[in-house]
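Text of the file start-v7.txt, holding compact mmCIF, C-alpha atoms:
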# COMPACT_ATOMS: atom_id res chain seq x y z
CA MET A 1 0.00 0.00 0.00
CA SER A 2 1.40 3.40 -0.93
CA ARG A 3 1.97 6.14 1.56
CA LEU A 4 -0.70 8.77 2.23
CA ALA A 5 -0.15 11.99 0.39
CA PRO A 6 0.86 14.84 2.74
CA LEU A 7 -1.56 17.46 3.96
CA SER A 8 -2.03 19.97 1.15
CA GLU A 9 -3.61 23.37 0.92
CA GLU A 10 -4.80 22.65 -2.62
CA PRO A 11 -7.30 20.01 -3.87
CA ILE A 12 -6.55 17.55 -6.62
CA ASN A 13 -8.26 17.55 -9.99
CA GLU A 14 -11.95 16.66 -9.96
CA ASP A 15 -11.27 13.62 -12.15
CA GLN A 16 -9.24 12.02 -9.38
CA ASP A 17 -11.59 10.17 -7.06
CA THR A 18 -10.99 8.55 -3.69
CA ALA A 19 -9.99 5.24 -5.25
CA ASN A 20 -7.19 6.91 -7.17
CA CYS A 21 -5.85 8.40 -3.94
CA SER A 22 -4.87 4.91 -2.73
CA LYS A 23 -2.68 4.34 -5.80
CA LYS A 24 0.81 5.64 -6.34
CA ALA A 25 0.74 9.36 -7.06
CA GLN A 26 0.93 10.52 -10.65
CA THR A 27 4.07 12.14 -11.99
CA TRP A 28 4.88 15.63 -10.82
CA ARG A 29 4.42 17.03 -14.31
CA ASN A 30 0.83 15.78 -14.57
CA TRP A 31 0.10 16.77 -10.98
CA LEU A 32 1.28 20.32 -11.58
CA LYS A 33 -0.76 20.57 -14.80
CA ASN A 34 -3.86 19.45 -12.95
CA HIS A 35 -3.34 22.03 -10.21
CA PHE A 36 -2.87 24.83 -12.69
CA SER A 37 -6.09 23.80 -14.46
CA LEU A 38 -7.88 23.87 -11.11
CA LEU A 39 -6.88 27.43 -10.45
CA PHE A 40 -8.49 28.54 -13.70
CA ASN A 41 -11.51 26.23 -13.60
CA LYS A 42 -14.55 27.96 -12.11
CA LYS A 43 -16.10 24.60 -11.21
CA SER A 44 -13.22 24.06 -8.82
CA ASP A 45 -13.60 27.38 -6.97
CA LEU A 46 -15.31 25.83 -3.96
CA LYS A 47 -12.63 23.17 -3.56
CA ILE A 48 -9.88 25.78 -3.71
CA LEU A 49 -11.70 27.94 -1.17
CA LEU A 50 -12.13 25.07 1.26
CA SER A 51 -8.57 23.86 0.80
CA VAL A 52 -6.88 27.22 1.29
CA LEU A 53 -9.20 28.98 3.75
CA GLY A 54 -10.88 26.08 5.52
CA CYS A 55 -8.25 24.69 7.87
CA PRO A 56 -4.71 26.02 7.31
CA LEU A 57 -2.07 25.37 9.96
CA PHE A 58 0.00 27.85 11.99
CA PRO A 59 3.70 27.99 10.98
CA VAL A 60 5.08 27.04 14.42
CA SER A 61 4.09 24.75 17.27
CA VAL A 62 2.50 25.88 20.53
CA HIS A 63 4.73 25.80 23.61
CA PRO A 64 2.40 26.25 26.59
CA LYS A 65 5.25 26.46 29.12
CA GLN A 66 6.96 29.52 27.68
CA PRO A 67 8.07 32.06 30.30
CA ILE A 68 5.89 35.15 30.06
CA ASN A 69 5.88 36.21 33.70
CA GLU A 70 8.88 38.52 33.48
CA VAL A 71 9.27 41.43 31.12
CA CYS A 72 12.62 40.57 29.53
CA SER A 73 11.98 41.61 25.93
CA SER A 74 9.79 43.86 23.84
CA ALA A 75 7.82 40.84 22.62
CA GLN A 76 7.11 39.63 26.13
CA TYR A 77 6.08 43.13 27.20
CA ILE A 78 3.54 43.15 24.36
CA ILE A 79 2.32 39.68 25.35
CA GLN A 80 2.03 40.82 28.97
CA HIS A 81 -0.27 43.57 27.73
CA PHE A 82 -2.24 41.03 25.64
CA THR A 83 -2.72 38.59 28.52
CA ALA A 84 -3.89 41.40 30.77
CA ALA A 85 -6.27 42.73 28.11
CA THR A 86 -7.84 39.35 27.38
CA GLY A 87 -7.75 37.99 30.92
CA CYS A 88 -6.40 34.71 29.58
CA ARG A 89 -4.01 34.35 32.50
CA ASN A 90 -7.02 33.14 34.45
CA LEU A 91 -7.37 30.22 32.02
CA GLU A 92 -3.83 28.89 32.34
CA GLY A 93 -3.94 25.50 33.99
CA MET A 94 -7.71 25.71 34.38
CA VAL A 95 -9.01 24.98 30.89
CA LYS A 96 -8.70 21.44 29.58
CA ASN A 97 -10.75 21.83 26.41
CA MET A 98 -12.84 24.27 24.40
CA TYR A 99 -15.67 24.17 21.87
CA VAL A 100 -16.46 26.70 19.14
CA THR A 101 -19.16 27.01 16.49
CA GLY A 102 -19.35 29.66 13.81
CA LYS A 103 -20.37 30.70 10.30
CA VAL A 104 -18.27 31.50 7.23
CA THR A 105 -18.81 33.07 3.82
CA MET A 106 -16.15 32.35 1.18
CA ALA A 107 -15.69 33.71 -2.33
CA MET A 108 -13.15 34.05 -5.10
CA VAL A 109 -12.16 37.67 -5.70
CA ASP A 110 -11.90 39.33 -9.10
CA GLU A 111 -8.21 40.16 -9.34
CA LEU A 112 -8.89 42.62 -12.15
CA GLY A 113 -11.56 44.51 -10.24
CA SER A 114 -10.56 47.76 -8.61
CA ASN A 115 -12.82 47.20 -5.62
CA GLY A 116 -11.94 43.57 -4.92
CA SER A 117 -15.49 42.42 -5.59
CA PRO A 118 -16.33 38.69 -5.51
CA ALA A 119 -15.72 36.96 -8.85
CA GLY A 120 -18.06 34.06 -8.11
CA VAL A 121 -21.07 33.17 -6.02
CA PRO A 122 -20.26 33.51 -2.30
CA GLN A 123 -20.39 30.17 -0.52
CA LYS A 124 -21.94 30.21 2.95
CA GLY A 125 -21.15 27.57 5.53
CA CYS A 126 -20.55 26.75 9.16
CA PHE A 127 -17.95 25.03 11.30
CA VAL A 128 -17.48 23.39 14.66
CA MET A 129 -14.12 23.14 16.39
CA TRP A 130 -12.91 21.28 19.48
CA GLN A 131 -9.59 21.61 21.27
CA MET A 132 -8.03 19.69 24.13
CA VAL A 133 -4.77 20.26 25.99
CA PRO A 134 -2.17 19.45 24.86
CA ASN A 135 -2.07 19.90 21.07
CA LYS A 136 -5.29 18.10 20.24
CA TRP A 137 -7.83 19.72 17.94
CA LEU A 138 -10.55 18.85 15.46
CA ILE A 139 -12.52 20.98 13.02
CA GLU A 140 -15.42 20.18 10.70
CA LEU A 141 -16.32 22.83 8.14
CA VAL A 142 -19.20 22.61 5.68
CA ALA A 143 -19.84 24.96 2.74
CA GLY A 144 -21.61 24.55 -0.57
CA GLY A 145 -22.50 20.95 0.14
CA HIS A 146 -18.89 19.89 0.81
CA LYS A 147 -17.31 19.09 4.17
CA VAL A 148 -13.65 19.17 5.15
CA VAL A 149 -12.42 17.66 8.40
CA ALA A 150 -9.00 18.19 9.92
CA GLY A 151 -7.50 17.27 13.25
CA SER A 152 -4.56 16.46 15.45
CA ASP A 153 -4.19 13.83 18.15
CA GLY A 154 -1.11 15.58 19.54
CA LYS A 155 1.25 13.47 17.43
CA VAL A 156 0.12 13.90 13.83
CA ALA A 157 -2.05 16.38 11.97
CA TRP A 158 -4.31 15.24 9.15
CA ARG A 159 -7.12 16.33 6.84
CA HIS A 160 -9.99 14.59 5.08
CA THR A 161 -11.91 15.92 2.08
CA PRO A 162 -14.58 14.21 -0.06
CA TRP A 163 -12.39 14.57 -3.14
CA LEU A 164 -9.04 13.58 -1.62
CA SER A 165 -9.81 11.32 1.36
CA ALA A 166 -7.40 11.35 4.34
CA HIS A 167 -3.97 12.99 4.27
CA ALA A 168 -1.31 13.18 6.94
CA ALA A 169 0.92 16.21 7.48
CA LYS A 170 4.68 16.12 7.62
CA GLY A 171 6.69 17.87 10.30
CA GLY A 172 5.83 18.63 13.89
CA VAL A 173 2.29 19.09 15.16
CA ARG A 174 1.10 22.66 14.71
CA PRO A 175 -2.09 24.38 15.82
CA LEU A 176 -5.00 25.30 13.61
CA ARG A 177 -4.58 28.84 12.34
CA ARG A 178 -8.27 29.55 12.87
CA ALA A 179 -7.87 28.94 16.63
CA LEU A 180 -5.24 31.67 16.86
CA GLN A 181 -7.48 34.21 15.17
CA GLY A 182 -8.46 35.49 18.60
CA LEU A 183 -10.29 32.31 19.68
CA ASP A 184 -7.55 30.87 21.90
CA PRO A 185 -5.72 33.70 23.70
CA VAL A 186 -3.68 31.24 25.77
CA ALA A 187 -2.19 29.76 22.59
CA VAL A 188 -1.64 33.26 21.16
CA SER A 189 0.33 34.31 24.23
CA ALA A 190 2.34 31.07 24.17
CA VAL A 191 3.44 31.18 20.53
CA PHE A 192 4.16 34.91 20.39
CA SER A 193 6.04 35.13 23.70
CA LEU A 194 9.25 34.18 21.88
CA ALA A 195 8.51 36.23 18.75
CA GLN A 196 10.78 38.87 17.28
CA TYR A 197 9.73 42.48 17.78
CA MET A 198 9.55 44.22 14.39
CA GLY A 199 8.48 47.72 15.40
CA GLU A 200 5.24 49.64 14.98
CA LYS A 201 2.76 49.82 12.11
CA ARG A 202 -0.67 51.28 11.52
CA ILE A 203 -3.13 48.81 10.02
CA SER A 204 -6.86 49.22 9.45
CA GLY A 205 -6.67 52.52 11.28
CA VAL A 206 -5.12 50.99 14.41
CA ASP A 207 -1.61 51.71 15.71
CA CYS A 208 -0.03 48.33 16.40
CA PHE A 209 3.07 46.62 17.71
CA VAL A 210 4.29 43.97 15.26
CA LEU A 211 5.68 40.57 16.28
CA LYS A 212 7.19 38.04 13.87
CA LEU A 213 7.41 34.25 14.02
CA SER A 214 9.27 32.04 11.54
CA ALA A 215 9.43 28.32 10.98
CA ASP A 216 13.03 27.25 11.58
CA HIS A 217 15.20 25.40 9.08
CA THR A 218 14.53 22.02 10.70
CA ASP A 219 10.77 22.43 10.39
CA LEU A 220 11.07 23.62 6.81
CA ALA A 221 13.25 20.65 5.91
CA GLU A 222 10.76 18.21 7.45
CA ARG A 223 8.03 19.73 5.28
CA SER A 224 10.10 19.48 2.08
CA ASP A 225 11.18 16.68 -0.24
CA ASN A 226 13.23 16.19 -3.41
CA THR A 227 10.70 17.94 -5.66
CA ALA A 228 9.32 20.68 -3.42
CA GLU A 229 11.36 22.81 -1.04
CA MET A 230 9.62 24.89 1.61
CA ILE A 231 11.71 28.07 1.58
CA LYS A 232 9.96 30.09 4.26
CA HIS A 233 6.85 30.29 6.41
CA VAL A 234 6.50 33.43 8.50
CA MET A 235 3.71 34.90 10.61
CA PHE A 236 3.19 38.49 11.74
CA GLY A 237 0.93 39.38 14.65
CA TYR A 238 -0.38 42.93 15.04
CA PHE A 239 -1.28 43.93 18.60
CA SER A 240 -3.16 47.15 19.29
CA GLN A 241 -1.10 49.73 21.17
CA ARG A 242 -4.27 51.10 22.72
CA ASN A 243 -5.96 48.01 24.15
CA GLY A 244 -3.35 45.27 23.70
CA LEU A 245 -5.60 42.95 21.68
CA LEU A 246 -4.53 40.96 18.63
CA VAL A 247 -6.20 42.73 15.70
CA TYR A 248 -4.50 41.29 12.62
CA LEU A 249 -2.61 38.15 11.55
CA GLU A 250 -0.58 37.87 8.37
CA ASP A 251 1.38 34.86 7.20
CA SER A 252 3.25 33.98 4.04
CA TYR A 253 4.89 30.81 2.81
CA LEU A 254 6.99 30.20 -0.28
CA THR A 255 7.67 26.86 -1.97
CA ARG A 256 10.14 26.09 -4.75
CA ILE A 257 9.22 23.16 -6.98
CA GLN A 258 11.43 21.54 -9.60
CA THR A 259 11.91 18.15 -11.21
CA PRO A 260 14.98 17.05 -13.18
CA GLY A 261 15.11 18.66 -16.59
CA THR A 262 12.61 21.41 -15.80
CA SER A 263 12.89 25.01 -14.73
CA PRO A 264 11.94 25.85 -11.12
CA ALA A 265 8.55 27.30 -10.28
CA TYR A 266 7.60 29.15 -7.12
CA TRP A 267 4.29 29.22 -5.26
CA GLU A 268 3.72 31.89 -2.63
CA THR A 269 0.58 32.09 -0.52
CA THR A 270 -0.14 35.12 1.64
CA MET A 271 -3.08 35.31 4.02
CA GLY A 272 -4.14 38.30 6.10
CA THR A 273 -6.87 38.16 8.75
CA LYS A 274 -8.60 41.10 10.38
CA ILE A 275 -9.70 40.14 13.91
CA GLU A 276 -12.45 42.09 15.67
CA ASP A 277 -15.63 42.06 17.78
CA TYR A 278 -14.00 40.94 21.02
CA ARG A 279 -16.53 39.84 23.64
CA THR A 280 -16.21 38.43 27.13
CA VAL A 281 -16.75 34.68 27.49
CA GLU A 282 -16.38 33.31 31.01
CA GLY A 283 -14.21 36.28 31.92
CA VAL A 284 -11.97 36.11 28.85
CA MET A 285 -12.00 38.37 25.79
CA ILE A 286 -12.61 36.30 22.63
CA ALA A 287 -12.77 37.59 19.04
CA HIS A 288 -16.16 36.89 17.49
CA ALA A 289 -15.74 38.11 13.90
CA GLY A 290 -13.19 38.79 11.22
CA GLN A 291 -12.22 38.65 7.57
CA SER A 292 -9.42 36.77 5.82
CA ASN A 293 -7.94 37.50 2.40
CA ALA A 294 -5.62 35.05 0.64
CA ILE A 295 -3.47 35.52 -2.45
CA ILE A 296 -1.76 32.65 -4.30
CA THR A 297 1.03 33.80 -6.61
CA ARG A 298 2.80 31.47 -9.02
CA PHE A 299 5.91 32.52 -10.88
CA GLY A 300 9.01 31.04 -12.51
CA ASP A 301 10.66 30.36 -15.85
CA ASN A 302 8.00 27.84 -16.83
CA LEU A 303 5.25 30.49 -16.67
CA ARG A 304 5.73 32.31 -19.93
CA ALA A 305 2.76 34.59 -19.32
CA GLY A 306 4.34 35.94 -16.13
CA LEU A 307 2.74 35.96 -12.71
CA ALA A 308 -0.40 33.91 -12.15
CA ILE A 309 -2.48 35.22 -9.26
CA THR A 310 -5.52 33.77 -7.49
CA ARG A 311 -7.37 35.75 -4.81
CA MET A 312 -10.02 34.67 -2.35
CA GLU A 313 -11.67 35.94 0.83
CA GLU A 314 -13.60 34.72 3.84
CA THR A 315 -15.71 36.46 6.45
CA TRP A 316 -16.38 34.60 9.69
CA MET A 317 -18.31 35.01 12.88
CA ILE A 318 -18.54 33.01 16.10
CA ASP A 319 -21.92 31.76 17.33
CA ASP A 320 -20.93 29.92 20.48
CA LEU A 321 -17.83 29.17 22.54
CA ALA A 322 -17.43 27.21 25.77
CA PHE A 323 -14.60 25.94 27.96
CA ASN A 324 -14.29 22.59 29.76
CA VAL A 325 -17.05 20.80 27.89
CA PRO A 326 -18.15 17.70 29.86
CA GLY A 327 -17.73 14.37 28.11
CA LEU A 328 -15.09 15.43 25.60
CA SER A 329 -12.39 12.74 25.60
CA ILE A 330 -9.20 11.98 23.72
CA ASP A 331 -11.13 9.44 21.67
CA CYS A 332 -12.73 12.35 19.83
CA PHE A 333 -9.33 13.22 18.30
CA ILE A 334 -8.36 9.79 16.95
CA PRO A 335 -7.28 10.17 13.30
CA PRO A 336 -8.91 8.17 10.49
CA GLU A 337 -7.76 4.58 10.14
CA GLU A 338 -5.68 5.39 7.05
CA VAL A 339 -3.55 7.85 9.01
CA HIS A 340 -2.73 5.21 11.63
CA LYS A 341 -1.10 2.91 9.10
CA GLU A 342 2.58 3.10 8.29
CA TYR A 343 3.63 3.83 4.73
CA PRO A 344 7.14 3.63 3.20
CA GLU A 345 8.67 7.06 2.64
CA GLU A 346 9.96 6.07 -0.79
CA ALA A 347 6.40 5.65 -2.05
CA LEU A 348 5.88 9.41 -1.81
CA ASP A 349 6.96 10.85 -5.15
CA TRP A 350 5.03 14.11 -5.28
CA ARG A 351 4.47 17.06 -3.09
CA SER A 352 1.97 19.93 -3.04
CA PRO A 353 3.74 23.25 -3.48
CA LEU A 354 1.18 24.68 -1.10
CA HIS A 355 1.80 22.17 1.68
CA ARG A 356 1.83 23.94 5.02
Just dump the structure as structure tokens.
Amino acid sequence: MSRLAPLSEEPINEDQDTANCSKKAQTWRNWLKNHFSLLFNKKSDLKILLSVLGCPLFPVSVHPKQPINEVCSSAQYIIQHFTAATGCRNLEGMVKNMYVTGKVTMAMVDELGSNGSPAGVPQKGCFVMWQMVPNKWLIELVAGGHKVVAGSDGKVAWRHTPWLSAHAAKGGVRPLRRALQGLDPVAVSAVFSLAQYMGEKRISGVDCFVLKLSADHTDLAERSDNTAEMIKHVMFGYFSQRNGLLVYLEDSYLTRIQTPGTSPAYWETTMGTKIEDYRTVEGVMIAHAGQSNAIITRFGDNLRAGLAITRMEETWMIDDLAFNVPGLSIDCFIPPEEVHKEYPEEALDWRSPLHR
């Protein structure tokens, strides 16, 4: 049995069904052609939206034991302000799990339009997310009649889609990006406590302190192979100078893909998320709304027409959130049976350039 394909931010071609996913992957040349056809096939818009915006991962792992009690750097001073503003210090050691439900509206954006208007029919949907300490999470998101499910049992992250079945992620376990969009302030304070202070910037009319996180070389190498090299994956967090809250997240990752005898191509995905509507839930400030915009840029010698750009957006809102839900057990985070099985590394001969 061949190895599971790694977790990818892009869907495969519609002609590839679940049965094909259990066979050895097609050649990189055919795979790349299929992905390029997807990005210009309107019928595939929903699959691209769900793949890119539905359940992306954060670039670095969560370290819940990071020292944030003493002000020993600019980043930790900013995080001190954030923890005080959100009240999340009260949750440390007290919360074992959390539950979130919400709504989303996704759409492709007309890259030629001056006002960034939707290029297709907006797709409305909903999601439910569970988390459990440490490093366990599960999300189910439904939109346009399709459902994507992704999760982590604390050891491996995975995703399941109706068109691609189950896929395991390479590299260390990382949190769900959606959880750090103001939904889990404890995780936000943990990951950004060791961030690099980048200065000040005004964004969306708010004066902010900017913190930067980067995946290290070891993580990037674990998420690369002989045909696709993850060059960078960085995240910027914008914290309001006035109230200390996280108001914007921006991350970017760049992948270089090349097979013998071909010119290299580069895929860069940038996603920015405006975070707003903070409300108090059990004494903690939680963001209840926001908007994400993603841009996929493809360039390289093999693209004679120059840059190829795909834009999409998502608006989201939270309906319900609760901590320490009774009855939630580790059994809820068990991966699909396919992910449990061991597969030989040499059977993996392709790699998504948008693998996170």
Determine, counting all atoms listed in the file, which protein, DNA and RNA residues have an atom within 8 Å of an atom of Gly154 (chain A); residues of the same chain fewer than 4 positions away are not included. Present the result as a ChimeraX atom specification. /A:134-136,173
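Using only C-alpha atoms, the nearest neighbour of Val104 (chain A) within the list A:Gln123, A:Thr280, A:Gln196, A:Gln76 is A:Gln123.
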One decimal place gives the CA of Ser292 (chain A)-CA of Gly120 (chain A) separation as 16.6 Å
Of the residues A:Ala322, A:Gln291, A:Asp45, A:Leu245, which is the one nearest to Pro185 (chain A), using all atoms listed in the file? A:Leu245
Would you kindly return, as JSON, numbers by chain, each protein, DNA or RNA residue with an atom no farther than 9 Å from any atom of region 294-298 of chain A, considering only C-alpha atoms and excluding same-chain residues fewer than 3 positions away? {"A": [52, 53, 265, 266, 267, 268, 269, 270, 271, 272, 273, 303, 306, 307, 308, 309, 310, 311, 312, 313, 314]}
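Between CA of Ile231 (chain A) and CA of Val247 (chain A) the separation is 27.1 Å.
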Using all atoms listed in the file, can you tell me which of A:Ala215, A:Leu57, A:Gly182, A:Lys274 comes closest to Trp158 (chain A)?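 Using all atoms listed in the file, the shortest distance to Trp158 (chain A) belongs to A:Leu57.
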Env of Asp319 (chain A): 9 Å cut, atoms = only C-alpha atoms, seq-sep filter 2 positions within chain, self excluded. Answer as a list in words.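 Residues near the query, excluding close chain neighbours: Val100, Thr101, Gly102, Lys103, His288, Met317 and Leu321 of chain A.
Surrounding residues of (-13.1, 20.8, 10.9) at most 8 Å away are A:Gly54, A:Cys55, A:Phe127, A:Val128, A:Met129, A:Leu138, A:Ile139, A:Glu140, A:Leu141, A:Val148, A:Val149, A:Ala150, A:Gly151 (based on all atoms listed in the file).
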Requested write-out: C-alpha atoms of the selected residues, as a short mmCIF file (atom, residue, chain, number, x, y, z; two decimals), keeping the file's coordinate frame:
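Output saved as out_18.cif:
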data_model
loop_
_atom_site.label_atom_id
_atom_site.label_comp_id
_atom_site.auth_asym_id
_atom_site.auth_seq_id
_atom_site.Cartn_x
_atom_site.Cartn_y
_atom_site.Cartn_z
CA GLY A 54 -10.88 26.08 5.52
CA CYS A 55 -8.25 24.69 7.87
CA PHE A 127 -17.95 25.03 11.30
CA VAL A 128 -17.48 23.39 14.66
CA MET A 129 -14.12 23.14 16.39
CA LEU A 138 -10.55 18.85 15.46
CA ILE A 139 -12.52 20.98 13.02
CA GLU A 140 -15.42 20.18 10.70
CA LEU A 141 -16.32 22.83 8.14
CA VAL A 148 -13.65 19.17 5.15
CA VAL A 149 -12.42 17.66 8.40
CA ALA A 150 -9.00 18.19 9.92
CA GLY A 151 -7.50 17.27 13.25
#
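Here CA of Arg256 (chain A) stands at a distance of 28.6 Å from CA of Glu338 (chain A).
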Can you work out which one of A:Ile318, A:Ala187, A:Ile330, A:Ala169 has the shortest atom-to-atom distance to Arg89 (chain A), counting only C-alpha atoms?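 Answer, going by the shortest atom-to-atom distance: A:Ala187.
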